[in-house]
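A.B. asks: My questions all concern the structure below.
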Amino acid sequence: KLQFLYLIATHPHTSPSTHSASMSRLAFAALAAAFAAADPVATKSCLALRGPGMADKVGLGIQWACGAGGVDCSPIAVGGPLYYPTDVFAHGDYVFNLYFQAHSGDVKSCGFGGAAYLTDCLEKQEHCQATANATEVQMMDNLVALCGPNGLGTRCDAILPGGASYSPATIRDHVNWALDASYHTYRCWNPIAACNFTGAEVVYP
């Protein structure tokens, strides 16, 4: 809690927005709940297969997973914190990987009628960062959700004074550090949800 309060004091000209911060907390809460039973040493992700004619197959896979498959798909439903982007493949990535991880990474649980494929998520050198047009309020919302007492509990000591990543002490640099730290913790559990909190984040190669 002290590290969070210090970060707020470090960027006094930017305060979290009530609406956006609330949505951010909802997204993080959904993420934390969805991954509560996930394998903490997961190294692979089950994603939706892109390509001509695949949208319908992915849609059917989502329909099965959200029904008979027992996946809680409320986060990607209309009004849910992970509804956007509304692309069927993005939703498929979320649902398929959640089902896959819930079944202990069993290869057989990543089929969905040929609509999914396995990938080694640890091999990808990707980073979650704030978008170029992210506002200061959106970035502060991310700090609140990541480093705050009700967030995912990301250890933000590194961006406090004396920390290895404190300088440069700008809100963008601090947020980028926190986003990336969280992304690399959760990306194997769900690469889409792990970098989708306020709509002002993007994964860079």
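Numbering starts fresh at 1 for the residues of each chain in the structure tokens, the chains themselves are lettered A, B, ... in the order given, and ligands are numbered from 1 as they appear.
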Quick one: residues within 9 Å of Ile76 of chain A, only C-alpha atoms counted, chain neighbours fewer than 6 positions away excluded, as an MDAnalysis selection string?
C.D. replies: chainID A and resid 82:84 86 91 94:95
A.B. asks: Find the residue from A:Phe197, A:Trp64, A:Tyr204, A:Tyr117 that sits nearest to Gln138 of chain A; use only C-alpha atoms when measuring.
C.D. replies: A:Phe197
A.B. asks: So the first atom is atom CA of Val78 of chain A and the second is atom CA of Lys44 of chain A; what is the distance between them in Å, to one decimal place?
C.D. replies: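 These atoms are spaced 28.2 Å apart.
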A.B. asks: Applying 12 Å and only C-alpha atoms, which residues near Gly92 of chain A remain after dropping the ones on its own chain fewer than 2 positions away? List them as a short mmCIF file (atom, residue, chain, number, x, y, z; two decimals) with N, CA, C and O atoms, in the first residue's frame.
C.D. replies:
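Below is the file that was written, selection.cif:
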```cif
data_model
loop_
_atom_site.label_atom_id
_atom_site.label_comp_id
_atom_site.auth_asym_id
_atom_site.auth_seq_id
_atom_site.Cartn_x
_atom_site.Cartn_y
_atom_site.Cartn_z
N SER A 45 0.32 -21.54 -24.80
CA SER A 45 -1.00 -20.93 -24.89
C SER A 45 -1.79 -21.61 -26.00
O SER A 45 -1.23 -22.06 -27.00
N CYS A 46 -3.10 -21.70 -25.82
CA CYS A 46 -4.00 -22.25 -26.83
C CYS A 46 -4.77 -21.09 -27.44
O CYS A 46 -5.54 -20.42 -26.74
N LEU A 47 -4.54 -20.83 -28.71
CA LEU A 47 -5.11 -19.65 -29.36
C LEU A 47 -6.00 -20.01 -30.54
O LEU A 47 -5.92 -21.12 -31.09
N ALA A 48 -6.84 -19.07 -30.93
CA ALA A 48 -7.72 -19.27 -32.07
C ALA A 48 -6.93 -19.24 -33.37
O ALA A 48 -6.05 -18.40 -33.56
N LEU A 49 -7.24 -20.16 -34.25
CA LEU A 49 -6.54 -20.27 -35.53
C LEU A 49 -7.12 -19.28 -36.53
O LEU A 49 -8.31 -19.30 -36.83
N ARG A 50 -6.26 -18.39 -37.03
CA ARG A 50 -6.68 -17.41 -38.02
C ARG A 50 -6.61 -18.02 -39.42
O ARG A 50 -5.87 -18.95 -39.66
N MET A 54 -12.17 -19.43 -41.06
CA MET A 54 -11.98 -19.89 -39.68
C MET A 54 -12.89 -19.18 -38.68
O MET A 54 -13.12 -19.68 -37.58
N ALA A 55 -13.42 -18.02 -39.04
CA ALA A 55 -14.24 -17.26 -38.09
C ALA A 55 -15.43 -18.07 -37.58
O ALA A 55 -15.72 -18.07 -36.38
N ASP A 56 -16.11 -18.78 -38.48
CA ASP A 56 -17.27 -19.58 -38.07
C ASP A 56 -16.85 -20.72 -37.16
O ASP A 56 -17.54 -21.02 -36.18
N LYS A 57 -15.74 -21.37 -37.48
CA LYS A 57 -15.26 -22.48 -36.64
C LYS A 57 -14.88 -21.99 -35.25
O LYS A 57 -15.18 -22.63 -34.24
N VAL A 58 -14.22 -20.84 -35.21
CA VAL A 58 -13.84 -20.27 -33.92
C VAL A 58 -15.09 -19.91 -33.13
O VAL A 58 -15.17 -20.15 -31.92
N GLY A 59 -16.08 -19.35 -33.82
CA GLY A 59 -17.33 -19.00 -33.17
C GLY A 59 -18.02 -20.21 -32.55
O GLY A 59 -18.53 -20.15 -31.43
N LEU A 60 -18.02 -21.33 -33.28
CA LEU A 60 -18.62 -22.56 -32.76
C LEU A 60 -17.83 -23.09 -31.56
O LEU A 60 -18.41 -23.59 -30.60
N GLY A 61 -16.50 -22.93 -31.64
CA GLY A 61 -15.66 -23.36 -30.53
C GLY A 61 -15.96 -22.54 -29.28
O GLY A 61 -16.02 -23.09 -28.17
N ILE A 62 -16.14 -21.24 -29.46
CA ILE A 62 -16.47 -20.36 -28.33
C ILE A 62 -17.81 -20.76 -27.74
O ILE A 62 -17.98 -20.85 -26.52
N GLN A 63 -18.78 -21.02 -28.63
CA GLN A 63 -20.12 -21.40 -28.18
C GLN A 63 -20.08 -22.67 -27.34
O GLN A 63 -20.72 -22.76 -26.28
N TRP A 64 -19.29 -23.65 -27.76
CA TRP A 64 -19.18 -24.90 -27.00
C TRP A 64 -18.49 -24.67 -25.66
O TRP A 64 -18.94 -25.14 -24.62
N ALA A 65 -17.37 -23.94 -25.70
CA ALA A 65 -16.58 -23.72 -24.49
C ALA A 65 -17.40 -22.96 -23.44
O ALA A 65 -17.30 -23.25 -22.24
N CYS A 66 -18.18 -21.99 -23.89
CA CYS A 66 -18.98 -21.18 -22.96
C CYS A 66 -20.22 -21.92 -22.48
O CYS A 66 -20.88 -21.46 -21.53
N VAL A 71 -16.70 -22.84 -19.41
CA VAL A 71 -15.89 -21.63 -19.27
C VAL A 71 -16.78 -20.43 -18.91
O VAL A 71 -17.86 -20.26 -19.49
N CYS A 73 -17.67 -17.11 -19.53
CA CYS A 73 -17.42 -16.17 -20.64
C CYS A 73 -18.00 -14.79 -20.38
O CYS A 73 -18.06 -13.97 -21.31
N ILE A 76 -16.19 -11.54 -21.66
CA ILE A 76 -16.19 -11.16 -23.07
C ILE A 76 -17.60 -10.90 -23.59
O ILE A 76 -17.79 -10.66 -24.77
N LEU A 82 -13.73 -7.39 -20.80
CA LEU A 82 -12.87 -7.85 -21.90
C LEU A 82 -13.65 -8.02 -23.20
O LEU A 82 -13.24 -8.74 -24.09
N TYR A 83 -14.78 -7.32 -23.28
CA TYR A 83 -15.60 -7.41 -24.50
C TYR A 83 -14.86 -6.85 -25.71
O TYR A 83 -14.96 -7.37 -26.82
N PRO A 85 -11.30 -6.00 -27.67
CA PRO A 85 -11.85 -5.89 -29.03
C PRO A 85 -12.90 -6.97 -29.28
O PRO A 85 -12.80 -8.07 -28.74
N THR A 86 -13.89 -6.65 -30.13
CA THR A 86 -15.00 -7.56 -30.39
C THR A 86 -14.68 -8.60 -31.45
O THR A 86 -15.54 -9.35 -31.87
N ASP A 87 -13.46 -8.65 -31.89
CA ASP A 87 -13.01 -9.61 -32.89
C ASP A 87 -13.20 -11.04 -32.38
O ASP A 87 -12.82 -11.37 -31.26
N VAL A 88 -13.79 -11.92 -33.19
CA VAL A 88 -14.07 -13.29 -32.77
C VAL A 88 -12.78 -14.04 -32.42
O VAL A 88 -12.76 -14.89 -31.53
N PHE A 89 -11.69 -13.69 -33.09
CA PHE A 89 -10.43 -14.38 -32.81
C PHE A 89 -9.86 -13.96 -31.46
O PHE A 89 -9.28 -14.79 -30.73
N ALA A 90 -10.01 -12.70 -31.11
CA ALA A 90 -9.56 -12.23 -29.80
C ALA A 90 -10.37 -12.91 -28.70
O ALA A 90 -9.82 -13.35 -27.69
N TYR A 94 -9.09 -15.79 -25.78
CA TYR A 94 -9.41 -15.74 -24.35
C TYR A 94 -10.05 -17.04 -23.88
O TYR A 94 -9.61 -17.66 -22.91
N VAL A 95 -11.09 -17.47 -24.58
CA VAL A 95 -11.86 -18.64 -24.17
C VAL A 95 -11.06 -19.93 -24.31
O VAL A 95 -11.01 -20.75 -23.39
N PHE A 96 -10.42 -20.12 -25.46
CA PHE A 96 -9.68 -21.36 -25.70
C PHE A 96 -8.55 -21.54 -24.70
O PHE A 96 -8.34 -22.62 -24.16
N ASN A 97 -7.80 -20.46 -24.45
CA ASN A 97 -6.66 -20.60 -23.55
C ASN A 97 -7.11 -20.79 -22.11
O ASN A 97 -6.49 -21.51 -21.33
N LEU A 98 -8.22 -20.16 -21.75
CA LEU A 98 -8.74 -20.33 -20.40
C LEU A 98 -9.15 -21.80 -20.18
O LEU A 98 -8.85 -22.39 -19.13
N TYR A 99 -9.79 -22.39 -21.17
CA TYR A 99 -10.19 -23.80 -21.09
C TYR A 99 -8.95 -24.69 -21.04
O TYR A 99 -8.86 -25.62 -20.23
N PHE A 100 -7.99 -24.39 -21.88
CA PHE A 100 -6.74 -25.16 -21.96
C PHE A 100 -6.00 -25.14 -20.62
O PHE A 100 -5.57 -26.17 -20.10
N CYS A 110 -6.87 -28.57 -26.42
CA CYS A 110 -6.70 -27.45 -27.35
C CYS A 110 -7.00 -27.92 -28.76
O CYS A 110 -6.12 -27.99 -29.62
N GLY A 111 -8.26 -28.28 -28.98
CA GLY A 111 -8.68 -28.74 -30.30
C GLY A 111 -9.76 -27.87 -30.87
O GLY A 111 -9.59 -27.20 -31.89
N PHE A 112 -10.91 -27.89 -30.21
CA PHE A 112 -12.07 -27.08 -30.63
C PHE A 112 -12.40 -27.26 -32.10
O PHE A 112 -12.59 -26.30 -32.84
N ALA A 115 -10.18 -25.47 -34.56
CA ALA A 115 -10.22 -24.01 -34.54
C ALA A 115 -9.14 -23.40 -33.67
O ALA A 115 -9.06 -22.18 -33.54
N ALA A 116 -8.29 -24.23 -33.06
CA ALA A 116 -7.28 -23.71 -32.13
C ALA A 116 -5.92 -24.34 -32.40
O ALA A 116 -5.80 -25.39 -33.04
N TYR A 117 -4.88 -23.69 -31.90
CA TYR A 117 -3.53 -24.22 -32.04
C TYR A 117 -2.70 -23.84 -30.81
O TYR A 117 -3.02 -22.89 -30.10
N ASN A 190 -3.15 -16.11 -20.37
CA ASN A 190 -4.02 -15.56 -21.40
C ASN A 190 -3.40 -14.32 -22.02
O ASN A 190 -3.41 -13.25 -21.41
N PRO A 191 -2.81 -14.47 -23.22
CA PRO A 191 -2.09 -13.36 -23.85
C PRO A 191 -2.95 -12.17 -24.23
O PRO A 191 -2.44 -11.07 -24.38
N ILE A 192 -4.26 -12.37 -24.41
CA ILE A 192 -5.13 -11.26 -24.77
C ILE A 192 -5.51 -10.46 -23.53
O ILE A 192 -5.32 -9.24 -23.46
N ALA A 193 -6.03 -11.14 -22.53
CA ALA A 193 -6.47 -10.44 -21.32
C ALA A 193 -5.30 -9.82 -20.56
O ALA A 193 -5.47 -8.83 -19.86
#
```
A.B. asks: Where in segment 84-165 of chain A does DSSP assign helix (DSSP H, G or I), given as a PDB file with C-alpha atoms, in the first residue's frame?
C.D. replies:
```pdb
ATOM      1  CA  VAL A  88     -14.066 -13.287 -32.773  1.00  0.00           C
ATOM      2  CA  PHE A  89     -10.431 -14.380 -32.811  1.00  0.00           C
ATOM      3  CA  ALA A  90      -9.562 -12.232 -29.803  1.00  0.00           C
ATOM      4  CA  HIS A  91     -12.516 -13.723 -27.947  1.00  0.00           C
ATOM      5  CA  GLY A  92     -11.444 -17.162 -29.104  1.00  0.00           C
ATOM      6  CA  ASP A  93      -7.935 -16.601 -27.746  1.00  0.00           C
ATOM      7  CA  TYR A  94      -9.405 -15.735 -24.355  1.00  0.00           C
ATOM      8  CA  VAL A  95     -11.865 -18.638 -24.168  1.00  0.00           C
ATOM      9  CA  PHE A  96      -9.682 -21.357 -25.702  1.00  0.00           C
ATOM     10  CA  ASN A  97      -6.662 -20.604 -23.552  1.00  0.00           C
ATOM     11  CA  LEU A  98      -8.744 -20.330 -20.404  1.00  0.00           C
ATOM     12  CA  TYR A  99     -10.186 -23.795 -21.089  1.00  0.00           C
ATOM     13  CA  PHE A 100      -6.744 -25.162 -21.956  1.00  0.00           C
ATOM     14  CA  GLN A 101      -5.117 -23.832 -18.776  1.00  0.00           C
ATOM     15  CA  ALA A 102      -8.029 -25.010 -16.619  1.00  0.00           C
ATOM     16  CA  VAL A 107      -2.773 -30.985 -25.407  1.00  0.00           C
ATOM     17  CA  LYS A 108      -6.094 -32.735 -26.044  1.00  0.00           C
ATOM     18  CA  SER A 109      -7.909 -29.741 -24.553  1.00  0.00           C
ATOM     19  CA  PHE A 112     -12.065 -27.075 -30.627  1.00  0.00           C
ATOM     20  CA  GLY A 113     -12.794 -28.846 -33.888  1.00  0.00           C
ATOM     21  CA  GLY A 114      -9.596 -27.625 -35.496  1.00  0.00           C
ATOM     22  CA  CYS A 121       4.339 -18.186 -25.417  1.00  0.00           C
ATOM     23  CA  LEU A 122       7.700 -17.894 -23.654  1.00  0.00           C
ATOM     24  CA  GLU A 123       9.600 -17.827 -26.943  1.00  0.00           C
ATOM     25  CA  GLU A 136      -2.298  10.483 -18.408  1.00  0.00           C
ATOM     26  CA  VAL A 137      -5.552   9.546 -16.694  1.00  0.00           C
ATOM     27  CA  GLN A 138      -5.635   6.174 -18.464  1.00  0.00           C
ATOM     28  CA  MET A 139      -2.027   5.538 -17.523  1.00  0.00           C
ATOM     29  CA  MET A 140      -2.699   6.435 -13.897  1.00  0.00           C
ATOM     30  CA  ASP A 141      -5.679   4.074 -13.962  1.00  0.00           C
ATOM     31  CA  ASN A 142      -3.278   1.320 -14.972  1.00  0.00           C
ATOM     32  CA  LEU A 143      -0.932   2.172 -12.111  1.00  0.00           C
ATOM     33  CA  VAL A 144      -3.858   2.058  -9.691  1.00  0.00           C
ATOM     34  CA  ALA A 145      -5.004  -1.345 -10.968  1.00  0.00           C
ATOM     35  CA  LEU A 146      -1.507  -2.830 -11.176  1.00  0.00           C
ATOM     36  CA  CYS A 147       0.218  -1.431  -8.109  1.00  0.00           C
ATOM     37  CA  ASP A 157       9.349  -1.502  -5.960  1.00  0.00           C
ATOM     38  CA  ALA A 158      11.529  -1.172  -9.059  1.00  0.00           C
ATOM     39  CA  ILE A 159       9.864   2.107 -10.034  1.00  0.00           C
TER      40      ILE A 159
END
```
A.B. asks: Which one of A:Ser167, A:Ser104, A:Thr43, A:Thr198 sits closest to Thr119 of chain A if you count only C-alpha atoms?
C.D. replies: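 Of A:Ser167, A:Ser104, A:Thr43, A:Thr198, the one nearest Thr119 of chain A, counting only C-alpha atoms, is A:Thr43.
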A.B. asks: Between atom CA of Glu201 of chain A and atom CA of Thr185 of chain A, what distance in Å does the model show, to one decimal?
C.D. replies: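 If I compute the distance from atom CA of Glu201 of chain A to atom CA of Thr185 of chain A, I get 15.9 Å.
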A.B. asks: Using only C-alpha atoms, can you tell me which of A:Gly53, A:Leu179, A:Gly67, A:Gly199 comes closest to Glu126 of chain A?
C.D. replies: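 Smallest separation from Glu126 of chain A among the options: A:Leu179.
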A.B. asks: Which is closest to Gly148 of chain A among A:Ala178, A:Ala169, A:Val202, A:Ala164, if we use only C-alpha atoms?
C.D. replies: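 When distances to Gly148 of chain A are compared using only C-alpha atoms, the smallest one comes from A:Ala178.
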A.B. asks: Mind pulling up the distance from atom CA of Pro81 of chain A to atom CA of Asn176 of chain A?
C.D. replies: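 Atom-to-atom, atom CA of Asn176 of chain A and atom CA of Pro81 of chain A are spaced 20.7 Å apart.
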